[in-house]
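Next up, protein_23.pdb (PDB, C-alpha atoms):
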```pdb
ATOM      1  CA  MET A   1      89.823 140.189 104.907
ATOM      2  CA  ILE A   2      92.026 142.950 106.239
ATOM      3  CA  PRO A   3      94.350 144.403 103.566
ATOM      4  CA  PRO A   4      97.775 142.705 103.287
ATOM      5  CA  LEU A   5     100.276 143.619 105.975
ATOM      6  CA  HIS A   6     103.113 143.409 103.491
ATOM      7  CA  ALA A   7     103.336 142.766  99.767
ATOM      8  CA  GLU A   8     106.056 142.387  97.151
ATOM      9  CA  ARG A   9     105.660 142.269  93.383
ATOM     10  CA  HIS A  10     107.741 140.234  90.974
ATOM     11  CA  TRP A  11     107.836 140.241  87.191
ATOM     12  CA  LYS A  12     108.643 137.059  85.324
ATOM     13  CA  ASN A  13     109.999 138.676  82.191
ATOM     14  CA  ASN A  14     110.024 141.827  80.133
ATOM     15  CA  GLU A  15     106.983 140.779  78.120
ATOM     16  CA  LEU A  16     104.875 141.054  81.310
ATOM     17  CA  SER A  17     103.388 137.604  80.715
ATOM     18  CA  HIS A  18     103.287 136.911  84.417
ATOM     19  CA  GLU A  19     103.035 139.129  87.491
ATOM     20  CA  MET A  20     103.272 137.706  91.008
ATOM     21  CA  GLU A  21     102.486 139.428  94.275
ATOM     22  CA  THR A  22     103.385 137.818  97.604
ATOM     23  CA  GLY A  23     102.904 138.936 101.147
ATOM     24  CA  GLN A  24     101.356 138.355 104.540
ATOM     25  CA  PHE A  25      97.660 138.563 105.330
ATOM     26  CA  THR A  26      95.402 138.669 108.330
ATOM     27  CA  ALA A  27      91.720 137.788 108.306
ATOM     28  CA  VAL A  28      88.784 137.505 110.689
ATOM     29  CA  PHE A  29      86.130 134.813 110.321
ATOM     30  CA  THR A  30      82.819 134.556 112.134
ATOM     31  CA  CYS A  31      80.884 131.302 112.467
ATOM     32  CA  ASP A  32      77.528 131.649 110.714
ATOM     33  CA  ASN A  33      75.820 129.242 113.119
ATOM     34  CA  PRO A  34      73.337 131.450 115.048
ATOM     35  CA  PHE A  35      74.043 129.490 118.225
ATOM     36  CA  CYS A  36      77.802 130.039 117.923
ATOM     37  CA  GLY A  37      79.040 133.245 116.312
ATOM     38  CA  GLU A  38      82.625 132.566 117.397
ATOM     39  CA  ILE A  39      85.260 134.845 115.891
ATOM     40  CA  VAL A  40      88.508 133.322 114.602
ATOM     41  CA  THR A  41      91.564 135.316 113.571
ATOM     42  CA  VAL A  42      93.851 133.916 110.874
ATOM     43  CA  THR A  43      97.276 135.040 109.715
ATOM     44  CA  GLY A  44      99.534 133.665 107.035
ATOM     45  CA  ARG A  45     101.019 134.334 103.632
ATOM     46  CA  TYR A  46      99.381 134.720 100.264
ATOM     47  CA  GLU A  47     100.388 134.645  96.632
ATOM     48  CA  LYS A  48      98.565 136.365  93.801
ATOM     49  CA  ARG A  49      99.515 135.481  90.243
ATOM     50  CA  THR A  50      98.294 137.581  87.371
ATOM     51  CA  HIS A  51      98.635 136.056  83.920
ATOM     52  CA  TYR A  52      98.615 137.964  80.624
ATOM     53  CA  GLU A  53      97.999 136.209  77.329
ATOM     54  CA  HIS A  54      97.607 137.695  73.877
ATOM     55  CA  ASN A  55      94.183 137.171  72.356
ATOM     56  CA  PRO A  56      94.536 137.028  68.552
ATOM     57  CA  GLU A  57      90.805 137.628  68.032
ATOM     58  CA  THR A  58      90.790 140.957  69.867
ATOM     59  CA  ASP A  59      94.508 141.728  69.587
ATOM     60  CA  ASN A  60      94.416 142.536  73.298
ATOM     61  CA  MET A  61      96.082 141.007  76.360
ATOM     62  CA  ASP A  62      93.631 138.872  78.333
ATOM     63  CA  GLU A  63      94.171 138.890  82.073
ATOM     64  CA  SER A  64      93.506 136.059  84.559
ATOM     65  CA  GLU A  65      94.304 135.806  88.249
ATOM     66  CA  ASP A  66      95.085 133.058  90.790
ATOM     67  CA  LEU A  67      94.954 133.842  94.508
ATOM     68  CA  LEU A  68      96.372 131.355  97.022
ATOM     69  CA  PHE A  69      96.442 131.507 100.829
ATOM     70  CA  TRP A  70      98.602 129.547 103.301
ATOM     71  CA  PRO A  71      97.334 129.942 106.900
ATOM     72  CA  LYS A  72     100.116 129.978 109.494
ATOM     73  CA  SER A  73      98.112 130.576 112.658
ATOM     74  CA  MET A  74      94.494 130.434 113.810
ATOM     75  CA  TYR A  75      93.047 131.583 117.118
ATOM     76  CA  PRO A  76      91.105 129.911 118.495
ATOM     77  CA  ALA A  77      92.164 126.968 116.356
ATOM     78  CA  PRO A  78      89.258 124.918 114.962
ATOM     79  CA  PRO A  79      89.124 121.233 115.956
ATOM     80  CA  VAL A  80      90.620 118.857 113.418
ATOM     81  CA  ILE A  81      88.757 115.761 114.601
ATOM     82  CA  LYS A  82      85.625 114.853 116.526
ATOM     83  CA  VAL A  83      86.435 113.598 120.022
ATOM     84  CA  PRO A  84      84.333 111.455 122.367
ATOM     85  CA  GLU A  85      82.595 113.156 125.280
ATOM     86  CA  GLY A  86      84.313 110.719 127.619
ATOM     87  CA  LEU A  87      87.786 111.986 126.761
ATOM     88  CA  GLY A  88      89.439 113.445 129.860
ATOM     89  CA  LYS A  89      90.292 117.121 130.349
ATOM     90  CA  PRO A  90      94.114 116.691 130.142
ATOM     91  CA  CYS A  91      93.745 114.892 126.805
ATOM     92  CA  LYS A  92      91.420 117.562 125.441
ATOM     93  CA  GLU A  93      93.868 120.277 126.469
ATOM     94  CA  HIS A  94      96.727 118.568 124.619
ATOM     95  CA  LEU A  95      94.521 118.212 121.547
ATOM     96  CA  GLN A  96      93.629 121.905 121.587
ATOM     97  CA  VAL A  97      97.327 122.778 121.572
ATOM     98  CA  ALA A  98      97.878 120.339 118.701
ATOM     99  CA  TYR A  99      95.061 122.013 116.746
ATOM    100  CA  SER A 100      96.941 125.297 117.014
ATOM    101  CA  LEU A 101     100.359 123.849 116.202
ATOM    102  CA  ILE A 102      99.283 122.133 112.983
ATOM    103  CA  TRP A 103      99.259 125.551 111.270
ATOM    104  CA  VAL A 104     102.499 126.713 112.840
ATOM    105  CA  ASP A 105     104.873 123.758 112.946
ATOM    106  CA  GLY A 106     104.212 120.159 111.899
ATOM    107  CA  GLY A 107     107.032 118.741 114.015
ATOM    108  CA  SER A 108     105.768 120.405 117.178
ATOM    109  CA  CYS A 109     102.222 119.264 116.424
ATOM    110  CA  ALA A 110     103.369 115.654 115.984
ATOM    111  CA  ASN A 111     105.272 115.829 119.255
ATOM    112  CA  ARG A 112     102.171 117.164 121.040
ATOM    113  CA  LEU A 113     100.152 114.222 119.682
ATOM    114  CA  ARG A 114     102.786 111.914 121.152
ATOM    115  CA  ILE A 115     102.299 113.630 124.503
ATOM    116  CA  PHE A 116      98.558 113.175 124.011
ATOM    117  CA  VAL A 117      99.065 109.406 123.711
ATOM    118  CA  GLU A 118     100.828 109.441 127.100
ATOM    119  CA  ALA A 119      97.878 111.316 128.626
ATOM    120  CA  LEU A 120      95.441 108.905 126.973
ATOM    121  CA  LEU A 121      97.241 105.941 128.529
ATOM    122  CA  ASP A 122      97.022 107.716 131.887
ATOM    123  CA  GLN A 123      93.252 107.994 131.454
ATOM    124  CA  LEU A 124      93.083 104.306 130.545
ATOM    125  CA  LYS A 125      94.968 103.486 133.775
ATOM    126  CA  VAL A 126      97.956 101.947 131.992
ATOM    127  CA  PRO A 127     100.868 101.717 134.488
ATOM    128  CA  THR A 128     104.024 103.790 134.153
ATOM    129  CA  THR A 129     106.237 101.187 135.838
ATOM    130  CA  GLY A 130     106.598  97.424 135.674
ATOM    131  CA  PRO A 131     108.947  94.554 134.845
ATOM    132  CA  LYS A 132     111.524  95.255 132.140
ATOM    133  CA  GLY A 133     114.545  93.089 131.465
ATOM    134  CA  ASN A 134     116.063  92.052 134.771
ATOM    135  CA  ARG A 135     114.268  94.788 136.685
ATOM    136  CA  LYS A 136     110.979  94.098 138.396
ATOM    137  CA  ASN A 137     109.828  97.686 138.775
ATOM    138  CA  ALA A 138     111.399  99.732 135.990
ATOM    139  CA  THR A 139     110.102 103.020 134.621
ATOM    140  CA  TRP A 140     108.290 102.327 131.357
ATOM    141  CA  ASP A 141     108.701 104.456 128.263
ATOM    142  CA  LEU A 142     105.828 105.050 125.861
ATOM    143  CA  SER A 143     106.600 101.909 123.862
ATOM    144  CA  ASP A 144     106.397  99.785 127.013
ATOM    145  CA  ARG A 145     103.067 101.312 128.005
ATOM    146  CA  ILE A 146     101.583 100.728 124.556
ATOM    147  CA  LYS A 147     102.621  97.064 124.796
ATOM    148  CA  ALA A 148     100.995  96.877 128.235
ATOM    149  CA  LEU A 149      97.738  98.249 126.826
ATOM    150  CA  ASP A 150      97.884  95.714 124.003
ATOM    151  CA  ALA A 151      98.143  92.910 126.548
ATOM    152  CA  ILE A 152      94.846  93.876 128.194
ATOM    153  CA  ASP A 153      93.043  95.509 125.252
ATOM    154  CA  PRO A 154      94.447  94.189 121.933
ATOM    155  CA  GLY A 155      94.051  95.835 118.581
ATOM    156  CA  HIS A 156      95.348  99.366 119.141
ATOM    157  CA  LYS A 157      99.123  98.898 119.229
ATOM    158  CA  ASP A 158      99.829  99.754 115.581
ATOM    159  CA  SER A 159      97.749 102.940 115.708
ATOM    160  CA  LEU A 160      99.427 104.218 118.865
ATOM    161  CA  ASP A 161     102.873 103.174 117.640
ATOM    162  CA  ALA A 162     102.290 105.152 114.427
ATOM    163  CA  LEU A 163     101.582 108.271 116.488
ATOM    164  CA  ARG A 164     104.622 107.537 118.652
ATOM    165  CA  PHE A 165     106.949 107.130 115.668
ATOM    166  CA  VAL A 166     105.786 110.334 113.965
ATOM    167  CA  GLY A 167     106.037 112.139 117.313
ATOM    168  CA  ASN A 168     109.629 110.939 117.617
ATOM    169  CA  VAL A 169     110.410 112.331 114.157
ATOM    170  CA  GLY A 170     108.927 115.660 115.210
ATOM    171  CA  SER A 171     111.014 115.663 118.379
ATOM    172  CA  HIS A 172     114.350 114.632 116.866
ATOM    173  CA  GLU A 173     114.217 116.016 113.339
ATOM    174  CA  GLY A 174     111.936 118.982 113.985
ATOM    175  CA  LYS A 175     109.953 118.614 110.765
ATOM    176  CA  VAL A 176     106.880 116.588 109.807
ATOM    177  CA  GLU A 177     104.900 117.111 106.610
ATOM    178  CA  PHE A 178     101.418 118.633 106.897
ATOM    179  CA  LYS A 179      99.874 115.605 105.158
ATOM    180  CA  THR A 180     101.513 113.240 107.658
ATOM    181  CA  VAL A 181     100.160 115.199 110.612
ATOM    182  CA  LEU A 182      96.660 115.066 109.116
ATOM    183  CA  GLN A 183      97.028 111.301 108.773
ATOM    184  CA  CYS A 184      97.977 111.134 112.448
ATOM    185  CA  PHE A 185      94.789 112.969 113.398
ATOM    186  CA  GLN A 186      92.803 110.521 111.250
ATOM    187  CA  ILE A 187      94.415 107.552 113.011
ATOM    188  CA  LEU A 188      93.801 109.142 116.388
ATOM    189  CA  GLU A 189      90.131 109.824 115.677
ATOM    190  CA  ASN A 190      89.549 106.171 114.835
ATOM    191  CA  ALA A 191      91.513 104.978 117.874
ATOM    192  CA  LEU A 192      89.439 107.158 120.190
ATOM    193  CA  GLU A 193      86.216 105.744 118.750
ATOM    194  CA  GLU A 194      87.419 102.326 119.888
ATOM    195  CA  LEU A 195      89.267 103.114 123.108
ATOM    196  CA  ILE A 196      86.797 105.629 124.548
ATOM    197  CA  ASN A 197      83.493 105.067 122.735
ATOM    198  CA  ARG A 198      84.028 101.293 122.339
ATOM    199  CA  LYS A 199      82.384 101.528 118.913
ATOM    200  CA  SER A 200      83.130  97.964 117.788
ATOM    201  CA  GLU A 201      81.945  96.470 121.075
ATOM    202  CA  LYS A 202      78.639  98.321 120.868
ATOM    203  CA  LEU A 203      78.157  97.250 117.266
ATOM    204  CA  ARG A 204      79.034  93.657 118.176
ATOM    205  CA  ALA A 205      76.374  93.686 120.885
ATOM    206  CA  ILE A 206      73.763  94.886 118.377
ATOM    207  CA  ILE A 207      74.786  92.191 115.893
ATOM    208  CA  ASP A 208      74.707  89.445 118.544
ATOM    209  CA  ASN A 209      71.295  90.587 119.724
ATOM    210  CA  LEU A 210      69.874  90.409 116.203
ATOM    211  CA  VAL A 211      71.441  87.026 115.538
ATOM    212  CA  VAL A 212      70.302  85.424 118.823
ATOM    213  CA  SER A 213      66.776  86.830 118.442
ATOM    214  CA  LYS A 214      66.716  85.831 114.750
ATOM    215  CA  GLY A 215      65.894  89.380 113.716
ATOM    216  CA  LYS A 216      63.307  90.051 116.436
ATOM    217  CA  PRO A 217      65.220  91.788 119.238
ATOM    218  CA  LYS A 218      63.549  92.445 122.554
ATOM    219  CA  ALA A 219      62.912  96.082 123.440
TER     220      ALA A 219
END
```
As structure tokens - that is how I would like this structure written.
Amino acid sequence: MIPPLHAERHWKNNELSHEMETGQFTAVFTCDNPFCGEIVTVTGRYEKRTHYEHNPETDNMDESEDLLFWPKSMYPAPPVIKVPEGLGKPCKEHLQVAYSLIWVDGGSCANRLRIFVEALLDQLKVPTTGPKGNRKNATWDLSDRIKALDAIDPGHKDSLDALRFVGNVGSHEGKVEFKTVLQCFQILENALEELINRKSEKLRAIIDNLVVSKGKPKA
């Protein structure tokens, strides 16, 4: 790690029982996979706490240290989830931006995942217009498009609505907790397994084959 760019020291009290150093750091990581070797730069803030405690056996002050790091940016940002090969280029590009934003701003990352859902529906050929209220050819918002997908491919509405709702919070309130964004990525990873890889359908076909053949499937 490159030495801290900036550091400040704080003392808890006059007895020097606790010393805290805070600052910004920058680091460079290299993938140890011989077929990769990619270099990633990381910046963020750190906190080093040094504790002093009197040891009655030695009559000396024992010292211990805690060092914590909070990354705030990574380039190139590592992927958070595994995505299917069949995912389209526009969707992958939105995901890559989301990977970067998760370290910078949770609200912006959540909003980018909402945009990703729009791009995913585009890939799945879900219309952007249709009947709504008294109109026969109205422009659909994201909620309308998710409902349309549910009509032709049920079972994914709640997952996509969860991403939509959190994305709305990111857009309107500007803040989403890191844990919540990670949960969104987890939901998205599972949804992609079904919508793109059709995981359950493939497993169902295997099960049906074994049941029909009574455990002796044909090659």
**OP:** Can you pull out every residue within 10 Å of A:Ile102, counting all atoms listed in the file, but drop anything in the same chain fewer than 3 positions away, and send it as a list in words?
**Re:** Lys72, Ser73, Met74, Ala77, Val80, Val97, Ala98, Tyr99, Asp105, Gly106, Gly107, Ser108, Cys109, Ala110, Arg112, Val176, Glu177, Phe178, Val181 and Leu182 of chain A
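Once all atoms listed in the file are considered, the residues situated within 12 Å of the file point (82.3, 114.4, 118.7) turn out to be Pro79, Val80, Ile81, Lys82, Val83, Pro84, Glu85, Gly86, Leu87, Lys92, Glu189, Asn190, Leu192, Glu193, Ile196 and Asn197 of chain A.
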**OP:** Starting from the displayed file, determine the output of the PyMOL selection byres ((chain A and resi 139) around 7) and express the residue list as a list in words.
**Re:**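 When the PyMOL selection byres ((chain A and resi 139) around 7) is applied, the selected residues are Thr128, Thr129, Gly130, Asn137, Ala138, Trp140 and Asp141 of chain A.
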Subject >> Test item: residues at most 6 Å from A:Arg45, only C-alpha atoms, excluding those fewer than 6 positions along its chain, as a ChimeraX atom specification >> reply: /A:23-25,70
**OP:** Would you translate the PyMOL selection byres ((chain A and resi 28) around 6) into the concrete set of residues it matches in this file, as an MDAnalysis selection string?
**Re:** chainID A and resid 27 29 40:41
**OP:** Return as a list in words the set of residues that the PyMOL selection byres ((chain A and resi 157-162) around 7) yields on the displayed structure.
**Re:** Ile146, Lys147, Asp150, Gly155, His156, Leu163, Arg164, Phe165, Val166, Ile187 and Ala191 of chain A
Original post:
Could you tell me, as a ChimeraX atom specification, which residues have any atom at most 6 Å from (97.1, 131.7, 102.1), counting all atoms listed in the file?
Top reply: /A:44-46,68-71
Original post:
What does the distance from atom CA of A:Glu53 to atom CA of A:Leu67 come to in Å, to one decimal?
Top reply: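 About the pair atom CA of A:Glu53 and atom CA of A:Leu67: they are 17.6 Å apart.
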**OP:** May I ask for the distance between atom CA of A:Gln183 and atom CA of A:Arg198, given in Å to one decimal place?
**Re:**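 Pair atom CA of A:Gln183 / atom CA of A:Arg198 returns 21.3 Å.
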Original post:
Quick one, how far is atom CA of A:Pro78 from atom CA of A:Arg114?
Top reply: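 The value is 19.8 Å.
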Original post:
Pick the closest to A:Arg49 from A:Tyr75, A:Asp62, A:Leu95, A:Glu21: which is it, counting all atoms listed in the file?
Top reply: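 Using all atoms listed in the file, A:Arg49 sits closest to A:Glu21.
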Stretch 73-80 of chain A, all listed atoms, 8 Å padding on each side: what axis-aligned box centre and edge lengths in Å to one decimal come out, as lines of an AutoDock Vina configuration file?
```
center_x = 93.6
center_y = 125.2
center_z = 115.6
size_x = 25.0
size_y = 28.7
size_z = 21.8
```
Subject >> Distance criterion (only C-alpha atoms): nearest to A:Leu101 out of A:Pro154, A:Pro76, A:Gly37, A:Gly88 >> reply: A:Pro76
